[in-house]
Amino acid sequence: MEKEMTLPILESLVGKVVRINKGGPESKTGKLLAVQSDYVVMETINEQNQKSEEKAKGKSKEKAAEQSGGVALQTLQEMTNATQIVYYRTHHIKSVKEDTTDISGLTLPSDEEETSEYIEAQDFHQMLGGFLNECVRIDRGGPESRCGWLLAVKPDHLVLQTKEDGVLYYNLEHIKSISSEMLSDNQLQSGLSADMSLTYLDADDFNELFEGMKYYWVKINRGGPESIEGILVDGADDHIVLAVGKEVHRISTFHIRNISLGAQSQQNTNGGNSNSEQNAEQKSSDKQKNSKKKDKKKDGKKKDKKKK
């Protein structure tokens, strides 16, 4: 098991501007608001404005003043209004760097201003419950990052309704961060809206979930080398068995980041009635064609007999 950064180290940085992780999609700069038993709360600056800030830093002071004419200051003021609360799972944090540069002090509200509201909970699992029936983003980026409506929180997984993949079941162990997602009018119109009547597998744990998906086409993980699709033929405590064509794959349960019913399964379950109706219509039309052919053959035989 990975060793987590000790709480006293993280607690000493509360109220300061820090950068979590050196690089990658989970790397963000912001003000550390709170440290709980297994997660931290950060108020991050807007990523787009952060890149603009870094670009401005790279230029000389003369050129920046000449080219922007006060735009840099305006960008910093915009950054104070473009913040987001992100909840990071402690054991996924690889490093924390304290930012002591002058520019960082302007990107977030000062201590005298009101602190942004955030969910206070004993642990990460309890905190997730505060997002129920809300739109959230799982992870900051990468192939497993998705935005959707949180339908349920279970002891070892959560259920997320997404536009891209339908209903996803996320292994809590692999969730690096979560944040509330503000939807634009375009996103709402494009189909990303809450459907609380949506049916999903209401399982107590991952093993029960696998049992409910048995003999269905499933997709494991969204992308990367470990993404795979096939028929789930068996599940045990530590692995599942997946049939992919003529190949049989045994996949460690621990390394399954998320799982969903694949497109083929969704077609079979959602469109089963329409498919059966189409098949029935096809069969009836075939029967009619065959009966007409038989009638023509009979008529032909009768005519031959009359001629004789």
# chains A, B, ... in the order shown; residues from 1 in each chain; ligands from 1
>>> residues_around(residues="A:Ser145", least_positions_apart="4", cutoff="12 Å", atoms="only C-alpha atoms", output="PyMOL selection string")
chain A and resi 25-26+136-141+160+162+164-165+168+170+174-179+221-223+257-258
>>> write_last_selection(atoms="C-alpha atoms", output="mmCIF file, in the first residue's frame")
data_model
loop_
_atom_site.group_PDB
_atom_site.id
_atom_site.type_symbol
_atom_site.label_atom_id
_atom_site.label_comp_id
_atom_site.auth_asym_id
_atom_site.auth_seq_id
_atom_site.Cartn_x
_atom_site.Cartn_y
_atom_site.Cartn_z
ATOM 1 C CA PRO A 25 -3.756 16.575 -15.164
ATOM 2 C CA GLU A 26 -4.000 16.460 -11.350
ATOM 3 C CA VAL A 136 -19.484 16.566 -10.537
ATOM 4 C CA ARG A 137 -16.163 16.048 -12.290
ATOM 5 C CA ILE A 138 -14.144 12.970 -11.384
ATOM 6 C CA ASP A 139 -10.389 13.669 -11.678
ATOM 7 C CA ARG A 140 -8.956 16.791 -13.340
ATOM 8 C CA GLY A 141 -8.076 15.142 -16.678
ATOM 9 C CA LEU A 160 -22.086 8.333 -12.254
ATOM 10 C CA THR A 162 -22.415 10.523 -18.058
ATOM 11 C CA GLU A 164 -20.344 9.834 -23.212
ATOM 12 C CA ASP A 165 -20.627 6.394 -21.598
ATOM 13 C CA LEU A 168 -20.294 4.408 -14.991
ATOM 14 C CA TYR A 170 -16.087 4.047 -10.359
ATOM 15 C CA HIS A 174 -8.753 5.100 -7.965
ATOM 16 C CA ILE A 175 -10.564 8.429 -7.680
ATOM 17 C CA LYS A 176 -7.858 11.088 -7.357
ATOM 18 C CA SER A 177 -10.083 14.154 -7.004
ATOM 19 C CA ILE A 178 -13.640 15.407 -7.291
ATOM 20 C CA SER A 179 -15.231 18.819 -7.739
ATOM 21 C CA ASN A 221 -11.651 1.634 -17.983
ATOM 22 C CA ARG A 222 -12.262 4.488 -20.423
ATOM 23 C CA GLY A 223 -8.905 4.678 -22.183
ATOM 24 C CA ARG A 257 -10.752 1.941 -12.263
ATOM 25 C CA ASN A 258 -14.301 1.893 -13.601
#
>>> residues_around(residues="A:Leu172", least_positions_apart="3", cutoff="8 Å", atoms="only C-alpha atoms", output="list in words")
Asp156, His157, Leu158 and Ile175 of chain A
>>> write_last_selection(atoms="C-alpha atoms", output="short mmCIF file (atom, residue, chain, number, x, y, z; two decimals), in the first residue's frame")
data_model
loop_
_atom_site.label_atom_id
_atom_site.label_comp_id
_atom_site.auth_asym_id
_atom_site.auth_seq_id
_atom_site.Cartn_x
_atom_site.Cartn_y
_atom_site.Cartn_z
CA ASP A 156 -16.29 0.81 -2.52
CA HIS A 157 -17.71 2.52 -5.63
CA LEU A 158 -19.87 5.35 -6.88
CA ILE A 175 -10.56 8.43 -7.68
#
>>> closest_residue(among="A:Tyr88, A:Trp217, A:Trp149, A:Tyr200", to="A:Val244", atoms="only C-alpha atoms")
A:Trp217
>>> select_by_dssp(residues="stretch 229-263 of chain A", states="helix (DSSP H, G or I)", output="list in words")
Thr253, Phe254, His255 and Ala263 of chain A
>>> write_last_selection(atoms="N, CA and C atoms", output="mmCIF file, in the first residue's frame")
data_model
loop_
_atom_site.group_PDB
_atom_site.id
_atom_site.type_symbol
_atom_site.label_atom_id
_atom_site.label_comp_id
_atom_site.auth_asym_id
_atom_site.auth_seq_id
_atom_site.Cartn_x
_atom_site.Cartn_y
_atom_site.Cartn_z
ATOM 1 N N THR A 253 -9.249 -7.276 -9.913
ATOM 2 C CA THR A 253 -10.337 -6.394 -9.493
ATOM 3 C C THR A 253 -9.800 -5.054 -8.998
ATOM 4 N N PHE A 254 -8.681 -5.078 -8.293
ATOM 5 C CA PHE A 254 -8.116 -3.854 -7.722
ATOM 6 C C PHE A 254 -7.778 -2.831 -8.800
ATOM 7 N N HIS A 255 -7.337 -3.317 -9.969
ATOM 8 C CA HIS A 255 -6.878 -2.407 -11.031
ATOM 9 C C HIS A 255 -8.003 -1.984 -11.982
ATOM 10 N N ALA A 263 -21.641 -0.925 -25.251
ATOM 11 C CA ALA A 263 -22.668 -0.493 -26.205
ATOM 12 C C ALA A 263 -23.546 -1.650 -26.645
#
>>> residues_around(residues="stretch 11-15 of chain A", least_positions_apart="4", cutoff="8 Å", atoms="only C-alpha atoms", output="list in words")
Leu7, Lys31, Leu32, Leu33, Ala34, Val35, Glu98 and Asp111 of chain A
>>> residues_around(residues="A:Ser260", least_positions_apart="4", cutoff="7 Å", atoms="only C-alpha atoms", output="PyMOL selection string")
chain A and resi 167-169+218-220
>>> closest_residue(among="A:Glu229, A:Glu173, A:Lys163, A:Thr100", to="A:Glu247", atoms="only C-alpha atoms")
A:Glu229
>>> residues_around(residues="A:Lys97", least_positions_apart="5", cutoff="12 Å", atoms="only C-alpha atoms", output="ChimeraX atom specification")
/A:9-10,13,16-23,27-32
>>> write_last_selection(atoms="N, CA, C and O atoms", output="mmCIF file, in the first residue's frame")
data_model
loop_
_atom_site.group_PDB
_atom_site.id
_atom_site.type_symbol
_atom_site.label_atom_id
_atom_site.label_comp_id
_atom_site.auth_asym_id
_atom_site.auth_seq_id
_atom_site.Cartn_x
_atom_site.Cartn_y
_atom_site.Cartn_z
ATOM 1 N N ILE A 9 2.387 17.585 8.081
ATOM 2 C CA ILE A 9 3.020 18.326 6.987
ATOM 3 C C ILE A 9 1.973 19.101 6.202
ATOM 4 O O ILE A 9 2.128 20.288 5.896
ATOM 5 N N LEU A 10 0.868 18.430 5.880
ATOM 6 C CA LEU A 10 -0.194 19.069 5.113
ATOM 7 C C LEU A 10 -0.897 20.153 5.933
ATOM 8 O O LEU A 10 -1.210 21.229 5.415
ATOM 9 N N LEU A 13 0.436 23.639 5.991
ATOM 10 C CA LEU A 13 0.308 24.427 4.770
ATOM 11 C C LEU A 13 -1.094 25.016 4.575
ATOM 12 O O LEU A 13 -1.340 25.697 3.578
ATOM 13 N N LYS A 16 -2.148 28.532 2.899
ATOM 14 C CA LYS A 16 -1.085 28.966 1.999
ATOM 15 C C LYS A 16 -1.391 28.562 0.562
ATOM 16 O O LYS A 16 -2.180 27.659 0.312
ATOM 17 N N VAL A 17 -0.742 29.242 -0.376
ATOM 18 C CA VAL A 17 -0.878 28.893 -1.787
ATOM 19 C C VAL A 17 0.140 27.804 -2.111
ATOM 20 O O VAL A 17 1.349 27.978 -1.892
ATOM 21 N N VAL A 18 -0.342 26.681 -2.599
ATOM 22 C CA VAL A 18 0.528 25.536 -2.874
ATOM 23 C C VAL A 18 0.217 24.981 -4.267
ATOM 24 O O VAL A 18 -0.810 25.294 -4.861
ATOM 25 N N ARG A 19 1.142 24.169 -4.750
ATOM 26 C CA ARG A 19 0.897 23.421 -5.993
ATOM 27 C C ARG A 19 0.899 21.941 -5.657
ATOM 28 O O ARG A 19 1.880 21.411 -5.137
ATOM 29 N N ILE A 20 -0.223 21.270 -5.954
ATOM 30 C CA ILE A 20 -0.324 19.828 -5.715
ATOM 31 C C ILE A 20 0.163 19.096 -6.958
ATOM 32 O O ILE A 20 -0.327 19.331 -8.063
ATOM 33 N N ASN A 21 1.146 18.229 -6.770
ATOM 34 C CA ASN A 21 1.778 17.446 -7.843
ATOM 35 C C ASN A 21 2.538 18.359 -8.813
ATOM 36 O O ASN A 21 2.102 19.466 -9.116
ATOM 37 N N LYS A 22 3.680 17.879 -9.308
ATOM 38 C CA LYS A 22 4.546 18.683 -10.165
ATOM 39 C C LYS A 22 3.987 18.824 -11.576
ATOM 40 O O LYS A 22 4.163 19.841 -12.229
ATOM 41 N N GLY A 23 3.316 17.790 -12.076
ATOM 42 C CA GLY A 23 2.807 17.816 -13.441
ATOM 43 C C GLY A 23 1.660 16.849 -13.634
ATOM 44 O O GLY A 23 1.251 16.147 -12.702
ATOM 45 N N SER A 27 -2.237 18.132 -11.449
ATOM 46 C CA SER A 27 -1.396 19.202 -10.911
ATOM 47 C C SER A 27 -2.136 20.536 -10.989
ATOM 48 O O SER A 27 -2.495 20.996 -12.069
ATOM 49 N N LYS A 28 -2.379 21.148 -9.819
ATOM 50 C CA LYS A 28 -3.088 22.424 -9.752
ATOM 51 C C LYS A 28 -2.458 23.309 -8.684
ATOM 52 O O LYS A 28 -1.884 22.825 -7.701
ATOM 53 N N THR A 29 -2.604 24.616 -8.889
ATOM 54 C CA THR A 29 -2.157 25.595 -7.906
ATOM 55 C C THR A 29 -3.373 26.242 -7.265
ATOM 56 O O THR A 29 -4.349 26.554 -7.944
ATOM 57 N N GLY A 30 -3.305 26.422 -5.958
ATOM 58 C CA GLY A 30 -4.425 27.060 -5.272
ATOM 59 C C GLY A 30 -4.159 27.200 -3.784
ATOM 60 O O GLY A 30 -3.082 26.876 -3.281
ATOM 61 N N LYS A 31 -5.163 27.691 -3.093
ATOM 62 C CA LYS A 31 -5.061 27.903 -1.656
ATOM 63 C C LYS A 31 -5.576 26.673 -0.925
ATOM 64 O O LYS A 31 -6.697 26.219 -1.164
ATOM 65 N N LEU A 32 -4.768 26.121 -0.039
ATOM 66 C CA LEU A 32 -5.165 24.937 0.729
ATOM 67 C C LEU A 32 -6.099 25.376 1.856
ATOM 68 O O LEU A 32 -5.701 26.097 2.764
#
>>> atom_distance(atom1="atom CA of A:Glu211", atom2="atom CA of A:Gly166")
19.4 Å
>>> residues_around(residues="stretch 122-127 of chain A", least_positions_apart="4", cutoff="6 Å", atoms="only C-alpha atoms", output="count of residues only")
3
>>> closest_residue(among="A:Leu232, A:Met182, A:Cys147, A:Val159", to="A:Ile85", atoms="only C-alpha atoms")
A:Met182
>>> atom_distance(atom1="atom CA of A:Val153", atom2="atom CA of A:Asp204")
9.6 Å
>>> closest_residue(among="A:Met5, A:Gly262, A:Ala203, A:Ala236", to="A:His91", atoms="only C-alpha atoms")
A:Met5
>>> closest_residue(among="A:Phe206, A:Asp99, A:Gly130, A:Met213", to="A:Leu242", atoms="only C-alpha atoms")
A:Met213
